[in-house]
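Student: This is the content of data_35.csv (CSV, C-alpha atoms):
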```
chain,number,residue,atom,x,y,z
S,1,MET,CA,159.3,-37.3,130.6
S,2,ASN,CA,161.5,-40.4,130.4
S,3,THR,CA,161.8,-39.8,126.7
S,4,ILE,CA,163.0,-36.2,127.2
S,5,TRP,CA,165.5,-37.3,129.8
S,6,PHE,CA,166.8,-40.0,127.4
S,7,ILE,CA,167.5,-37.4,124.7
S,8,ALA,CA,169.0,-35.1,127.3
S,9,GLN,CA,171.4,-37.8,128.4
S,10,LYS,CA,172.4,-38.4,124.8
S,11,GLU,CA,173.2,-34.8,124.2
S,12,PHE,CA,175.1,-34.5,127.5
S,13,SER,CA,177.2,-37.6,126.6
S,14,ASP,CA,177.8,-36.2,123.1
S,15,GLY,CA,179.0,-33.0,124.8
S,16,LEU,CA,181.4,-35.0,126.9
S,17,ARG,CA,182.8,-36.9,123.8
S,18,ASN,CA,183.2,-33.6,121.9
S,19,ARG,CA,184.9,-32.0,124.9
S,20,TRP,CA,182.4,-29.2,125.0
S,21,ILE,CA,182.1,-29.2,128.7
S,22,LEU,CA,185.8,-29.2,129.3
S,23,ALA,CA,186.5,-26.5,126.7
S,24,VAL,CA,183.8,-24.2,127.9
S,25,THR,CA,184.8,-24.7,131.5
S,26,LEU,CA,188.4,-23.9,130.8
S,27,VAL,CA,187.4,-20.8,128.9
S,28,PHE,CA,185.2,-19.6,131.8
S,29,ALA,CA,187.9,-20.5,134.4
S,30,LEU,CA,190.8,-18.9,132.7
S,31,LEU,CA,189.0,-15.7,131.9
S,32,SER,CA,187.4,-15.4,135.3
S,33,LEU,CA,190.7,-16.0,137.1
S,34,GLY,CA,192.4,-13.5,134.8
S,35,ILE,CA,189.8,-10.8,135.5
S,36,THR,CA,189.8,-11.5,139.2
S,37,TRP,CA,193.5,-11.1,139.7
S,38,PHE,CA,194.6,-8.9,136.8
S,39,GLY,CA,191.4,-6.9,136.0
S,40,ALA,CA,192.8,-3.7,137.7
S,41,ALA,CA,196.3,-4.0,136.1
S,42,ALA,CA,195.7,-0.9,133.9
S,43,SER,CA,195.5,1.2,137.1
S,44,GLY,CA,198.7,-0.3,138.5
S,45,HIS,CA,197.1,-2.8,140.9
S,46,ILE,CA,197.7,-6.6,140.6
S,47,GLY,CA,195.5,-8.9,142.6
S,48,PHE,CA,192.0,-9.1,143.9
S,49,THR,CA,190.3,-5.7,144.4
S,50,SER,CA,186.7,-6.2,145.6
S,51,ILE,CA,183.7,-8.4,145.0
S,52,PRO,CA,181.6,-5.7,143.3
S,53,ALA,CA,184.4,-4.8,140.9
S,54,THR,CA,185.1,-8.4,140.1
S,55,ILE,CA,181.4,-9.2,139.4
S,56,ALA,CA,181.0,-6.1,137.3
S,57,SER,CA,184.0,-7.1,135.2
S,58,LEU,CA,182.9,-10.7,134.9
S,59,THR,CA,179.4,-9.5,133.9
S,60,SER,CA,180.7,-7.4,131.1
S,61,LEU,CA,182.8,-10.3,129.8
S,62,ALA,CA,180.0,-12.9,130.2
S,63,SER,CA,177.5,-10.8,128.3
S,64,PHE,CA,179.7,-11.2,125.2
S,65,LEU,CA,181.0,-14.7,125.7
S,66,ILE,CA,178.0,-16.8,127.1
S,67,PRO,CA,175.6,-15.9,124.2
S,68,LEU,CA,178.2,-16.8,121.6
S,69,ILE,CA,179.0,-20.2,123.3
S,70,ALA,CA,175.3,-21.0,123.7
S,71,LEU,CA,174.7,-20.3,120.0
S,72,LEU,CA,177.7,-22.4,119.0
S,73,ILE,CA,176.3,-25.3,120.9
S,74,ALA,CA,172.7,-25.0,119.6
S,75,TYR,CA,172.8,-23.7,116.1
S,76,ASP,CA,173.1,-27.1,114.4
S,77,ALA,CA,170.8,-29.0,116.9
S,78,ILE,CA,168.2,-29.7,114.2
S,79,VAL,CA,169.6,-28.9,110.8
S,80,GLY,CA,172.8,-30.7,111.8
S,81,GLU,CA,170.8,-33.9,112.6
S,82,GLU,CA,169.0,-33.6,109.3
S,83,GLU,CA,172.1,-33.1,107.3
S,84,GLY,CA,173.7,-36.1,109.1
S,85,GLY,CA,170.7,-38.3,108.3
S,86,THR,CA,170.0,-39.0,111.9
S,87,LEU,CA,166.9,-36.8,112.3
S,88,LEU,CA,164.6,-39.2,110.5
S,89,LEU,CA,166.0,-42.1,112.5
S,90,LEU,CA,165.3,-40.3,115.7
S,91,LEU,CA,161.7,-39.4,114.7
S,92,ALA,CA,161.1,-43.0,113.7
S,93,TYR,CA,161.0,-43.8,117.4
S,94,PRO,CA,157.9,-43.1,119.5
S,95,LEU,CA,159.2,-39.6,120.0
S,96,SER,CA,157.5,-36.3,119.1
S,97,ARG,CA,159.3,-33.3,117.7
S,98,ARG,CA,158.5,-31.3,120.9
S,99,GLN,CA,160.1,-34.1,123.0
S,100,LEU,CA,163.2,-34.1,120.9
S,101,LEU,CA,163.6,-30.4,121.1
S,102,LEU,CA,163.0,-30.3,124.9
S,103,GLY,CA,165.4,-33.2,125.4
S,104,LYS,CA,168.1,-31.4,123.4
S,105,PHE,CA,167.5,-28.2,125.4
S,106,CYS,CA,167.8,-30.1,128.7
S,107,GLY,CA,171.1,-31.7,127.7
S,108,HIS,CA,172.6,-28.5,126.4
S,109,ALA,CA,171.3,-26.6,129.4
S,110,LEU,CA,173.0,-29.0,131.7
S,111,ILE,CA,176.3,-28.6,129.8
S,112,LEU,CA,176.2,-24.8,130.1
S,113,GLY,CA,175.1,-24.9,133.7
S,114,LEU,CA,177.9,-27.2,134.8
S,115,ALA,CA,180.5,-25.3,132.8
S,116,ALA,CA,179.4,-22.0,134.3
S,117,LEU,CA,179.4,-23.4,137.8
S,118,ALA,CA,182.8,-25.0,137.5
S,119,GLY,CA,184.4,-22.2,135.5
S,120,PHE,CA,183.2,-19.2,137.4
S,121,GLY,CA,183.2,-21.1,140.6
S,122,SER,CA,187.0,-21.5,140.3
S,123,ALA,CA,187.3,-17.7,140.6
S,124,ALA,CA,185.2,-17.7,143.8
S,125,LEU,CA,187.3,-20.6,145.2
S,126,ALA,CA,190.5,-18.7,144.4
S,127,ILE,CA,189.2,-15.6,146.1
S,128,GLY,CA,188.2,-17.6,149.2
S,129,LEU,CA,191.6,-19.3,149.4
S,130,PHE,CA,194.0,-16.5,148.6
S,131,ALA,CA,192.3,-13.1,149.1
S,132,GLU,CA,192.6,-11.4,152.4
S,133,GLU,CA,189.7,-10.0,154.5
S,134,VAL,CA,186.9,-11.3,152.2
S,135,ASP,CA,183.4,-11.8,153.6
S,136,LEU,CA,182.8,-15.4,152.5
S,137,LEU,CA,179.0,-15.1,152.8
S,138,GLU,CA,178.9,-12.0,150.6
S,139,MET,CA,181.1,-13.7,148.1
S,140,ALA,CA,179.0,-16.8,148.0
S,141,VAL,CA,175.8,-14.8,147.5
S,142,ALA,CA,177.4,-12.6,144.8
S,143,PHE,CA,178.9,-15.5,142.8
S,144,GLY,CA,175.8,-17.6,143.3
S,145,ARG,CA,173.6,-14.8,141.8
S,146,PHE,CA,176.2,-14.3,139.0
S,147,VAL,CA,176.4,-18.0,138.1
S,148,LEU,CA,172.6,-18.5,138.1
S,149,SER,CA,172.0,-15.4,136.0
S,150,SER,CA,174.8,-16.4,133.6
S,151,THR,CA,173.3,-19.8,133.2
S,152,LEU,CA,169.8,-18.4,132.5
S,153,LEU,CA,171.3,-16.0,129.9
S,154,GLY,CA,173.0,-19.0,128.2
S,155,TRP,CA,169.7,-20.9,128.1
S,156,VAL,CA,168.1,-17.9,126.4
S,157,PHE,CA,170.5,-18.1,123.6
S,158,LEU,CA,170.3,-21.8,123.4
S,159,ALA,CA,166.6,-21.4,122.6
S,160,MET,CA,167.5,-18.7,120.0
S,161,GLY,CA,170.0,-21.1,118.5
S,162,TYR,CA,167.2,-23.6,118.0
S,163,ILE,CA,165.2,-21.0,116.2
S,164,ALA,CA,168.1,-20.6,113.8
S,165,SER,CA,168.5,-24.3,113.4
S,166,ALA,CA,164.7,-25.0,112.8
S,167,ASN,CA,164.3,-22.2,110.3
S,168,VAL,CA,166.9,-23.1,107.7
S,169,THR,CA,168.0,-26.1,105.7
S,170,GLU,CA,171.8,-25.8,105.8
S,171,LYS,CA,174.2,-25.6,108.7
S,172,SER,CA,176.1,-22.7,107.1
S,173,ARG,CA,172.9,-20.6,107.0
S,174,ALA,CA,172.1,-21.6,110.6
S,175,ALA,CA,175.6,-20.5,111.7
S,176,GLY,CA,175.1,-17.2,109.9
S,177,LEU,CA,171.7,-16.6,111.5
S,178,ALA,CA,173.1,-17.5,114.9
S,179,LEU,CA,175.9,-15.0,114.4
S,180,ALA,CA,173.3,-12.3,113.3
S,181,LEU,CA,171.3,-13.0,116.5
S,182,TRP,CA,174.5,-12.5,118.6
S,183,PHE,CA,175.3,-9.2,116.9
S,184,LEU,CA,171.8,-8.0,117.3
S,185,PHE,CA,171.4,-8.7,121.0
S,186,VAL,CA,175.0,-8.2,122.2
S,187,LEU,CA,176.2,-5.3,120.0
S,188,VAL,CA,173.6,-3.7,117.8
S,189,PHE,CA,170.6,-3.3,120.2
S,190,ASP,CA,172.2,-0.9,122.6
S,191,LEU,CA,173.7,1.2,119.8
S,192,SER,CA,170.3,1.3,118.0
S,193,LEU,CA,168.5,2.3,121.2
S,194,LEU,CA,170.9,5.2,121.7
S,195,ALA,CA,170.5,6.3,118.1
S,196,PHE,CA,166.7,6.0,118.5
S,197,LEU,CA,166.8,8.2,121.6
S,198,THR,CA,168.9,10.7,119.9
S,199,ILE,CA,166.6,10.9,116.8
S,200,SER,CA,163.5,11.1,118.9
S,201,GLN,CA,164.9,14.2,120.7
S,202,GLY,CA,162.8,13.6,123.9
S,203,ARG,CA,159.5,13.1,122.1
S,204,LEU,CA,159.2,9.6,123.5
S,205,SER,CA,157.6,9.4,127.0
S,206,PRO,CA,160.2,9.0,129.7
S,207,GLU,CA,158.0,6.3,131.3
S,208,ILE,CA,158.4,4.1,128.3
S,209,LEU,CA,162.2,4.3,127.9
S,210,PRO,CA,163.2,1.9,130.7
S,211,TRP,CA,160.9,-0.8,129.5
S,212,LEU,CA,162.7,-0.8,126.1
S,213,LEU,CA,165.7,-2.5,127.9
S,214,LEU,CA,163.5,-5.6,128.5
S,215,LEU,CA,163.5,-6.3,124.8
S,216,ASN,CA,167.1,-7.4,125.1
S,217,PRO,CA,168.0,-10.3,127.4
S,218,THR,CA,171.7,-9.3,127.7
S,219,ASP,CA,170.6,-5.9,129.1
S,220,ILE,CA,168.4,-7.6,131.6
S,221,TYR,CA,171.3,-9.8,132.6
S,222,ARG,CA,173.6,-6.8,133.1
S,223,LEU,CA,171.0,-5.0,135.2
S,224,VAL,CA,170.4,-8.1,137.4
S,225,ASN,CA,174.1,-8.3,138.3
S,226,LEU,CA,175.2,-4.6,138.2
S,227,SER,CA,172.3,-3.3,140.2
S,228,ALA,CA,172.8,-5.9,142.9
S,229,MET,CA,176.5,-5.4,143.3
S,230,ALA,CA,177.1,-1.7,142.7
S,231,GLY,CA,173.7,-0.1,143.2
S,232,PHE,CA,172.2,2.2,140.6
S,233,GLY,CA,175.3,4.4,140.9
S,234,GLY,CA,177.4,1.8,139.2
S,235,ILE,CA,175.2,1.7,136.1
S,236,SER,CA,176.1,4.0,133.2
S,237,GLY,CA,175.3,4.4,129.5
S,238,VAL,CA,172.1,3.0,128.1
S,239,LEU,CA,171.7,0.7,131.1
S,240,ALA,CA,171.1,3.9,133.2
S,241,LEU,CA,167.6,3.8,131.8
S,242,GLY,CA,166.9,0.7,133.8
S,243,THR,CA,167.1,2.5,137.2
S,244,ASP,CA,163.4,3.0,137.1
S,245,LEU,CA,162.6,-0.6,136.6
S,246,PRO,CA,161.3,-3.0,139.3
S,247,ILE,CA,164.7,-4.6,140.2
S,248,SER,CA,163.6,-6.9,143.0
S,249,GLY,CA,162.5,-10.2,141.4
S,250,GLY,CA,161.0,-8.6,138.3
S,251,LEU,CA,164.0,-8.8,136.1
S,252,TRP,CA,164.5,-12.5,137.0
S,253,ILE,CA,161.0,-13.3,135.8
S,254,VAL,CA,161.5,-11.4,132.6
S,255,LEU,CA,164.8,-13.2,132.0
S,256,ILE,CA,163.1,-16.6,132.5
S,257,SER,CA,160.3,-15.6,130.2
S,258,TRP,CA,163.0,-14.9,127.6
S,259,ILE,CA,163.9,-18.6,127.7
S,260,ALA,CA,160.3,-19.8,127.3
S,261,MET,CA,159.3,-17.5,124.4
S,262,PRO,CA,162.2,-18.4,121.9
S,263,LEU,CA,161.9,-22.1,122.9
S,264,ALA,CA,158.2,-22.1,122.1
S,265,LEU,CA,158.9,-20.4,118.8
S,266,ALA,CA,161.6,-22.9,118.0
S,267,SER,CA,159.1,-25.8,118.8
S,268,TRP,CA,156.5,-24.2,116.5
S,269,LEU,CA,159.0,-23.8,113.6
S,270,PHE,CA,160.2,-27.4,114.1
S,271,SER,CA,156.7,-28.8,114.1
S,272,ARG,CA,156.1,-27.1,110.7
S,273,ARG,CA,159.4,-28.2,109.2
S,274,ASN,CA,159.3,-30.5,106.2
S,275,ILE,CA,161.6,-33.5,106.7
```
Spit out the file's structure as structure tokens when you get a sec.

Tutor:
Amino acid sequence: MNTIWFIAQKEFSDGLRNRWILAVTLVFALLSLGITWFGAAASGHIGFTSIPATIASLTSLASFLIPLIALLIAYDAIVGEEEGGTLLLLLAYPLSRRQLLLGKFCGHALILGLAALAGFGSAALAIGLFAEEVDLLEMAVAFGRFVLSSTLLGWVFLAMGYIASANVTEKSRAAGLALALWFLFVLVFDLSLLAFLTISQGRLSPEILPWLLLLNPTDIYRLVNLSAMAGFGGISGVLALGTDLPISGGLWIVLISWIAMPLALASWLFSRRNI
């Protein structure tokens, strides 16, 4: 455990030197503040509207942004060390490949968690200080759920980034594979599901349809936040299939399992990698 923590500290300090934490925090803060105060500008309203509307807008933004940032952090975690000539040096220490991977994950996870807490928390702080007639307890619960689920989503894509990094021999290929994963789970999956439903023309059992959303962590993330803030009436499009899923607790468990499975696959790929 001490070995894993040592690697995590190294990755965290590298993130500080590379300004990753500052950059990601600033991105989250600027976008969340902009959405909080100017999200309803198209309808002629400037300023804070409501907590559900703010969380819904932030969820839509974060489902695109957080996976991309997580993949950018993780895609070169292994192949980058190998190209830089430091992977062999690290493995020369009494350190297993599994410990190295878990240490990197803990360090990167801490970077993402702190950035999400500070960046999105700035929007909650601004609402509490400047918005009128806001229930502070409701706001704290809503933003706490949002930050936690956003952090978990980031950890899912960190693990996917390690899969890309452990599966190729060049950083450019790892970057391409990471980008393909982002397109698949953020953009292509929902469109493919809609196309599949259209082609099947109702031949697929209605009981099966809602469970297909569990194959995409970004859909699980959206359901966790949108169902809690707006109820099922606030969910539209392909996410409406999720209204029959067990919302209370079940989606959180599935989202956490989405962290464990890719991380286990990345560990297996790394253990079989020739160095």

Student: Can you tell me how far atom CA of Tyr93 of chain S sits from atom CA of Ala264 of chain S, in Å to one decimal?

Tutor: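 Computed distance, atom CA of Tyr93 of chain S to atom CA of Ala264 of chain S, equals 22.4 Å.
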
Student: Using only C-alpha atoms, can you tell me which of S:Leu30, S:Ala70, S:Ala140, S:Ala126 comes closest to Ala178 of chain S?

Tutor: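 Closest candidate: S:Ala70.
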
Student: With the cut-off set at 10 Å and counting only C-alpha atoms, tabulate each residue of segment 37-109 of chain S with an atom at most that distance from an atom of segment 216-219 of chain S, showing the nearest atom pair and its distance in Å to one decimal, ordered by chain and increasing number, as a Markdown table.

Tutor:
```
| residue | atom | partner | partner_atom | distance |
| --- | --- | --- | --- | --- |
| S:Thr59 | CA | S:Thr218 | CA | 9.9 |
| S:Ser60 | CA | S:Thr218 | CA | 9.8 |
| S:Ala62 | CA | S:Thr218 | CA | 9.4 |
| S:Ser63 | CA | S:Thr218 | CA | 6.0 |
| S:Phe64 | CA | S:Thr218 | CA | 8.6 |
| S:Ile66 | CA | S:Thr218 | CA | 9.8 |
| S:Pro67 | CA | S:Thr218 | CA | 8.4 |
```

Student: Take the residues from that selection and write them out as a CSV table (one decimal), in the coordinates of the input, keeping C-alpha atoms.

Tutor:
```csv
chain,number,residue,atom,x,y,z
S,59,THR,CA,179.4,-9.5,133.9
S,60,SER,CA,180.7,-7.4,131.1
S,62,ALA,CA,180.0,-12.9,130.2
S,63,SER,CA,177.5,-10.8,128.3
S,64,PHE,CA,179.7,-11.2,125.2
S,66,ILE,CA,178.0,-16.8,127.1
S,67,PRO,CA,175.6,-15.9,124.2
```

Student: Could you build a table of the residues in segment 63-181 of chain S lying no more than 9 Å from segment 247-262 of chain S, giving for each the nearest pair of atoms and their separation in Å rounded to one decimal place, using only C-alpha atoms, ordered by chain and ascending residue number, as JSON lines?

Tutor:
```
{"residue": "S:Ser149", "atom": "CA", "partner": "S:Trp252", "partner_atom": "CA", "distance": 8.1}
{"residue": "S:Leu152", "atom": "CA", "partner": "S:Ile256", "partner_atom": "CA", "distance": 6.9}
{"residue": "S:Leu153", "atom": "CA", "partner": "S:Leu255", "partner_atom": "CA", "distance": 7.4}
{"residue": "S:Trp155", "atom": "CA", "partner": "S:Ile259", "partner_atom": "CA", "distance": 6.3}
{"residue": "S:Val156", "atom": "CA", "partner": "S:Ile259", "partner_atom": "CA", "distance": 4.5}
{"residue": "S:Phe157", "atom": "CA", "partner": "S:Ile259", "partner_atom": "CA", "distance": 7.8}
{"residue": "S:Leu158", "atom": "CA", "partner": "S:Ile259", "partner_atom": "CA", "distance": 8.3}
{"residue": "S:Ala159", "atom": "CA", "partner": "S:Pro262", "partner_atom": "CA", "distance": 5.4}
{"residue": "S:Met160", "atom": "CA", "partner": "S:Pro262", "partner_atom": "CA", "distance": 5.6}
{"residue": "S:Gly161", "atom": "CA", "partner": "S:Pro262", "partner_atom": "CA", "distance": 8.9}
{"residue": "S:Tyr162", "atom": "CA", "partner": "S:Pro262", "partner_atom": "CA", "distance": 8.2}
{"residue": "S:Ile163", "atom": "CA", "partner": "S:Pro262", "partner_atom": "CA", "distance": 6.9}
```

Student: Suppose we keep C-alpha atoms; can you now write the selection as a PDB file, in the frame of the given file?

Tutor:
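Just written: result_25.pdb:
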```
ATOM      1  CA  SER S 149     172.000 -15.400 136.000  1.00  0.00           C
ATOM      2  CA  LEU S 152     169.800 -18.400 132.500  1.00  0.00           C
ATOM      3  CA  LEU S 153     171.300 -16.000 129.900  1.00  0.00           C
ATOM      4  CA  TRP S 155     169.700 -20.900 128.100  1.00  0.00           C
ATOM      5  CA  VAL S 156     168.100 -17.900 126.400  1.00  0.00           C
ATOM      6  CA  PHE S 157     170.500 -18.100 123.600  1.00  0.00           C
ATOM      7  CA  LEU S 158     170.300 -21.800 123.400  1.00  0.00           C
ATOM      8  CA  ALA S 159     166.600 -21.400 122.600  1.00  0.00           C
ATOM      9  CA  MET S 160     167.500 -18.700 120.000  1.00  0.00           C
ATOM     10  CA  GLY S 161     170.000 -21.100 118.500  1.00  0.00           C
ATOM     11  CA  TYR S 162     167.200 -23.600 118.000  1.00  0.00           C
ATOM     12  CA  ILE S 163     165.200 -21.000 116.200  1.00  0.00           C
TER      13      ILE S 163
END
```

Student: Between S:Ala266, S:Ile208, S:Leu95, S:Leu215, which one has atoms that come closest to Trp5 of chain S, using only C-alpha atoms?

Tutor: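 Residue with the minimum atom-to-atom distance to Trp5 of chain S: S:Leu95.
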
Student: What's the separation between atom CA of Leu137 of chain S and atom CA of Leu114 of chain S, in Å to one decimal place?

Tutor: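 About the pair atom CA of Leu137 of chain S and atom CA of Leu114 of chain S: they are 21.7 Å apart.
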
Student: Could you give me, as a VMD selection string, the residues within 12 Å of Ala115 of chain S, counting only C-alpha atoms and dropping anything in the same chain fewer than 3 positions from it?

Tutor: chain S and resid 12 15 to 16 19 to 29 66 69 to 70 108 to 112 118 to 122 147 to 148 150 to 151 154

Student: Can you tell me which residues surround Asn167 of chain S at a distance of at most 12 Å, considering all atoms listed in the file, apart from same-chain residues fewer than 4 positions away, and format the answer as a PyMOL selection string?

Tutor: chain S and resi 75-79+160-163+171+173-178+265-274

Student: Could you tell me how far atom CA of Thr36 of chain S sits from atom CA of Asp135 of chain S, in Å to one decimal place?

Tutor: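 These two atoms are separated by 15.8 Å.
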
Student: Which of these, S:Ala74, S:Ile7, S:Arg145, S:Phe183, has the shortest distance to Ala164 of chain S once you count all atoms listed in the file?

Tutor: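 For Ala164 of chain S, the nearest of the candidates is S:Ala74.
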
Student: Counting only C-alpha atoms, figure out which residue out of S:Arg17, S:Ala124, S:Thr49, S:Leu68 gets nearest to Ala180 of chain S.

Tutor: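 With only C-alpha atoms as the atom set, the closest residue is S:Leu68.
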
Student: Find, counting all atoms listed in the file, the residue in S:Ile35, S:Glu170, S:Glu83, S:Ala131 that gets nearest to Ala53 of chain S.

Tutor: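 Result for the nearest residue to Ala53 of chain S: S:Ile35.
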
Student: Using all atoms listed in the file, can you tell me which of S:Val186, S:Leu181, S:Glu81, S:Leu226 comes closest to Leu65 of chain S?

Tutor: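 Result for the nearest residue to Leu65 of chain S: S:Val186.
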